[in-house]
Amino acid sequence: MPTTTISAVSAGTWTLGDLTVNRIGFGAMRLTGSADAASDRARVIGLLRQAVDLGVNHIDTAAFYFSPLRSANELINTALSPYPDDLVITTKVGPGRDPSGEWQPLARPEQLRGQVEENLRQLGRDQLDVVNLRQDGLDSVAEHFGALAELRDAGLIRHLGLSNIRPHHLGQAQAIAPVVCVQNTYGVDTRRTQDQLVRSCGEQNVAFVPFFAIAGDRRETGGVAANPAVEAIARTHGATPAQVRIAWTLSRGPHLLAIPGTGNPDHLVENLAAGALVLSPDELASLD
């Protein structure tokens, strides 16, 4: 890619309710795993500060992002508190892990307050900017989402979103309280079952925030999923396959927000540089 000033601002902005964010943000899941050798605490804290210095003002995290040595929320708090006025931190509730790291059943509606309060404590906040309900196996999200709406009314949460949903869940939630974002798997290799939901979100001014957009089928193991068309376009632009995948994500609509995560400062800069990469209509067609 040509040399340009690297900034998250290059991809444009979107609003989550009354909060304006740059369309390339940062996903914190990788900070606690082994991907990108994110084992050095000082390095990770420096990377978070570097991300904000480069214009990132949207960070995605969760209290259940932790390892025996690391907590994503605690790292964010240590690195960035006192928080910049324009920094939006999105977290998610629903899943939970016990102190040993074992996954627990999906939280019941009455347990969501405890999860919200744990995120508040870890992040050192009085109010969470955005909380996503990450569902698993629910036919209706109404009871769970209603419990979060009550916490929003109580002032613990500013805005609400959804994660890992099926299309009918959006309407169920919207009937209870405004939804500002949806987080689902979506990428070059996994798009087709989600295209209609992406369009529906755009029609309702709801942000669509894909996860695993770079890793694809590799998911939690990190890295970049192999795809010959992606790699050919990357060679043409002198870019990386990850940058092409981020550019494709942003091309799907102005309401698409990218949250690539990494523990590697060089990869962070590369990811943000993808905001300036514009794919031609022919290149986009080749990825379909």
# chains A, B, ... in the order shown; residues from 1 in each chain; ligands from 1
$ residues_around --residues "Gly202 (chain A)" --least-positions-apart "5" --cutoff "9 Å" --atoms "only C-alpha atoms" --output "PyMOL selection string"
chain A and resi 197+207-208+253-256
$ residues_around --residues "Gly96 (chain A)" --least-positions-apart "3" --cutoff "8 Å" --atoms "only C-alpha atoms" --output "ChimeraX atom specification"
/A:64,93,103-107
$ write_last_selection --atoms "C-alpha atoms" --output "mmCIF file, in the first residue's frame"
data_model
loop_
_atom_site.group_PDB
_atom_site.id
_atom_site.type_symbol
_atom_site.label_atom_id
_atom_site.label_comp_id
_atom_site.auth_asym_id
_atom_site.auth_seq_id
_atom_site.Cartn_x
_atom_site.Cartn_y
_atom_site.Cartn_z
ATOM 1 C CA PHE A 64 -14.721 -13.166 30.208
ATOM 2 C CA VAL A 93 -22.582 -10.126 28.845
ATOM 3 C CA TRP A 103 -17.222 -21.815 30.795
ATOM 4 C CA GLN A 104 -20.525 -21.598 32.629
ATOM 5 C CA PRO A 105 -24.068 -21.843 31.224
ATOM 6 C CA LEU A 106 -25.536 -18.712 29.676
ATOM 7 C CA ALA A 107 -26.441 -16.274 32.442
#
$ closest_residue --among "A:Gln183, A:Ser163, A:Ser100, A:Asn264" --to "Gln135 (chain A)" --atoms "only C-alpha atoms"
A:Ser163
$ closest_residue --among "A:Leu162, A:Leu87, A:Ile45, A:Ala142" --to "Ile59 (chain A)" --atoms "only C-alpha atoms"
A:Leu87
$ atom_distance --atom1 "CA of Asp288 (chain A)" --atom2 "CA of Pro260 (chain A)"
21.4 Å
$ closest_residue --among "A:Val209, A:Ala273, A:Leu148, A:Val224" --to "Thr249 (chain A)" --atoms "only C-alpha atoms"
A:Val209
$ select_by_dssp --residues "region 35-117 of chain A" --states "helix (DSSP H, G or I)" --output "number ranges by chain"
A: 35-37, 41-53, 72-80, 109-117
$ write_last_selection --atoms "C-alpha atoms" --output "PDB file, in the first residue's frame"
ATOM      1  CA  ALA A  35      -1.862 -15.092  19.463  1.00  0.00           C
ATOM      2  CA  ASP A  36       0.696 -12.484  18.370  1.00  0.00           C
ATOM      3  CA  ALA A  37       2.850 -13.331  21.413  1.00  0.00           C
ATOM      4  CA  ARG A  41       2.306  -6.999  29.914  1.00  0.00           C
ATOM      5  CA  ALA A  42       4.192  -3.754  29.282  1.00  0.00           C
ATOM      6  CA  ARG A  43       4.052  -4.362  25.531  1.00  0.00           C
ATOM      7  CA  VAL A  44       0.265  -4.844  25.608  1.00  0.00           C
ATOM      8  CA  ILE A  45      -0.276  -1.712  27.690  1.00  0.00           C
ATOM      9  CA  GLY A  46       1.894   0.211  25.239  1.00  0.00           C
ATOM     10  CA  LEU A  47      -0.078  -1.207  22.314  1.00  0.00           C
ATOM     11  CA  LEU A  48      -3.394  -0.018  23.789  1.00  0.00           C
ATOM     12  CA  ARG A  49      -1.983   3.464  24.283  1.00  0.00           C
ATOM     13  CA  GLN A  50      -0.594   3.427  20.755  1.00  0.00           C
ATOM     14  CA  ALA A  51      -4.012   2.443  19.389  1.00  0.00           C
ATOM     15  CA  VAL A  52      -5.649   5.451  21.038  1.00  0.00           C
ATOM     16  CA  ASP A  53      -2.818   7.722  19.861  1.00  0.00           C
ATOM     17  CA  ALA A  72      -8.500  -7.640  29.009  1.00  0.00           C
ATOM     18  CA  ASN A  73     -10.613  -5.243  31.062  1.00  0.00           C
ATOM     19  CA  GLU A  74      -7.884  -4.732  33.642  1.00  0.00           C
ATOM     20  CA  LEU A  75      -5.298  -4.099  30.911  1.00  0.00           C
ATOM     21  CA  ILE A  76      -7.585  -1.515  29.295  1.00  0.00           C
ATOM     22  CA  ASN A  77      -8.143   0.175  32.662  1.00  0.00           C
ATOM     23  CA  THR A  78      -4.428   0.239  33.463  1.00  0.00           C
ATOM     24  CA  ALA A  79      -3.404   1.489  30.025  1.00  0.00           C
ATOM     25  CA  LEU A  80      -6.085   4.088  29.340  1.00  0.00           C
ATOM     26  CA  PRO A 109     -31.718 -12.651  33.164  1.00  0.00           C
ATOM     27  CA  GLU A 110     -31.392 -12.019  36.908  1.00  0.00           C
ATOM     28  CA  GLN A 111     -27.646 -12.775  36.724  1.00  0.00           C
ATOM     29  CA  LEU A 112     -26.910 -10.096  34.121  1.00  0.00           C
ATOM     30  CA  ARG A 113     -26.700  -7.309  36.688  1.00  0.00           C
ATOM     31  CA  GLY A 114     -23.765  -9.058  38.365  1.00  0.00           C
ATOM     32  CA  GLN A 115     -21.985  -9.364  35.024  1.00  0.00           C
ATOM     33  CA  VAL A 116     -22.594  -5.684  34.256  1.00  0.00           C
ATOM     34  CA  GLU A 117     -21.281  -4.687  37.677  1.00  0.00           C
TER      35      GLU A 117
END
$ closest_atom_pairs --of "region 4-122 of chain A" --to "region 153-161 of chain A" --cutoff "9 Å" --atoms "only C-alpha atoms" --output "JSON lines"
{"residue": "A:Leu16", "atom": "CA", "partner": "A:His159", "partner_atom": "CA", "distance": 7.7}
{"residue": "A:Gly17", "atom": "CA", "partner": "A:His159", "partner_atom": "CA", "distance": 6.8}
{"residue": "A:Asp18", "atom": "CA", "partner": "A:His159", "partner_atom": "CA", "distance": 8.9}
{"residue": "A:Lys92", "atom": "CA", "partner": "A:Gly161", "partner_atom": "CA", "distance": 8.5}
{"residue": "A:Val116", "atom": "CA", "partner": "A:Leu156", "partner_atom": "CA", "distance": 7.8}
{"residue": "A:Glu117", "atom": "CA", "partner": "A:Leu156", "partner_atom": "CA", "distance": 8.1}
{"residue": "A:Leu120", "atom": "CA", "partner": "A:Leu156", "partner_atom": "CA", "distance": 8.3}
$ atom_distance --atom1 "CA of Gln196 (chain A)" --atom2 "CA of Ile233 (chain A)"
25.7 Å
$ atom_distance --atom1 "CA of Gly94 (chain A)" --atom2 "CA of Ala225 (chain A)"
27.7 Å
$ residues_around --residues "Thr262 (chain A)" --least-positions-apart "5" --cutoff "7 Å" --atoms "only C-alpha atoms" --output "PyMOL selection string"
chain A and resi 30-31+36+267-268
$ write_last_selection --atoms "N, CA, C and O atoms" --output "compact mmCIF listing (two decimals), in the first residue's frame"
# COMPACT_ATOMS: atom_id res chain seq x y z
N ARG A 30 -7.69 -10.79 21.77
CA ARG A 30 -6.34 -11.32 21.55
C ARG A 30 -5.36 -10.92 22.67
O ARG A 30 -4.29 -11.53 22.80
N LEU A 31 -5.69 -9.92 23.43
CA LEU A 31 -4.75 -9.44 24.45
C LEU A 31 -4.46 -10.47 25.52
O LEU A 31 -3.43 -10.40 26.19
N ASP A 36 -0.16 -13.67 18.50
CA ASP A 36 0.70 -12.48 18.37
C ASP A 36 1.63 -12.31 19.57
O ASP A 36 2.09 -11.21 19.85
N HIS A 267 1.24 -5.16 13.62
CA HIS A 267 -0.05 -5.54 13.04
C HIS A 267 -1.11 -4.48 13.32
O HIS A 267 -2.01 -4.25 12.51
N LEU A 268 -1.03 -3.84 14.48
CA LEU A 268 -1.95 -2.77 14.80
C LEU A 268 -1.87 -1.67 13.74
O LEU A 268 -2.90 -1.22 13.21
$ closest_residue --among "A:Ala247, A:Asp85, A:Ala63, A:Ile214" --to "Val21 (chain A)" --atoms "only C-alpha atoms"
A:Asp85
$ closest_residue --among "A:Leu54, A:Leu19, A:Val206, A:Cys201" --to "Thr5 (chain A)" --atoms "only C-alpha atoms"
A:Leu54
$ residues_around --residues "Leu277 (chain A)" --least-positions-apart "2" --cutoff "8 Å" --atoms "only C-alpha atoms" --output "PyMOL selection string"
chain A and resi 1+243-244+247+273-275+279
$ select_by_dssp --residues "region 56-267 of chain A" --states "strand (DSSP E)" --output "ChimeraX atom specification"
/A:58-60,88-93,96-97,103-104,128-134,157-163,179-183,207-208
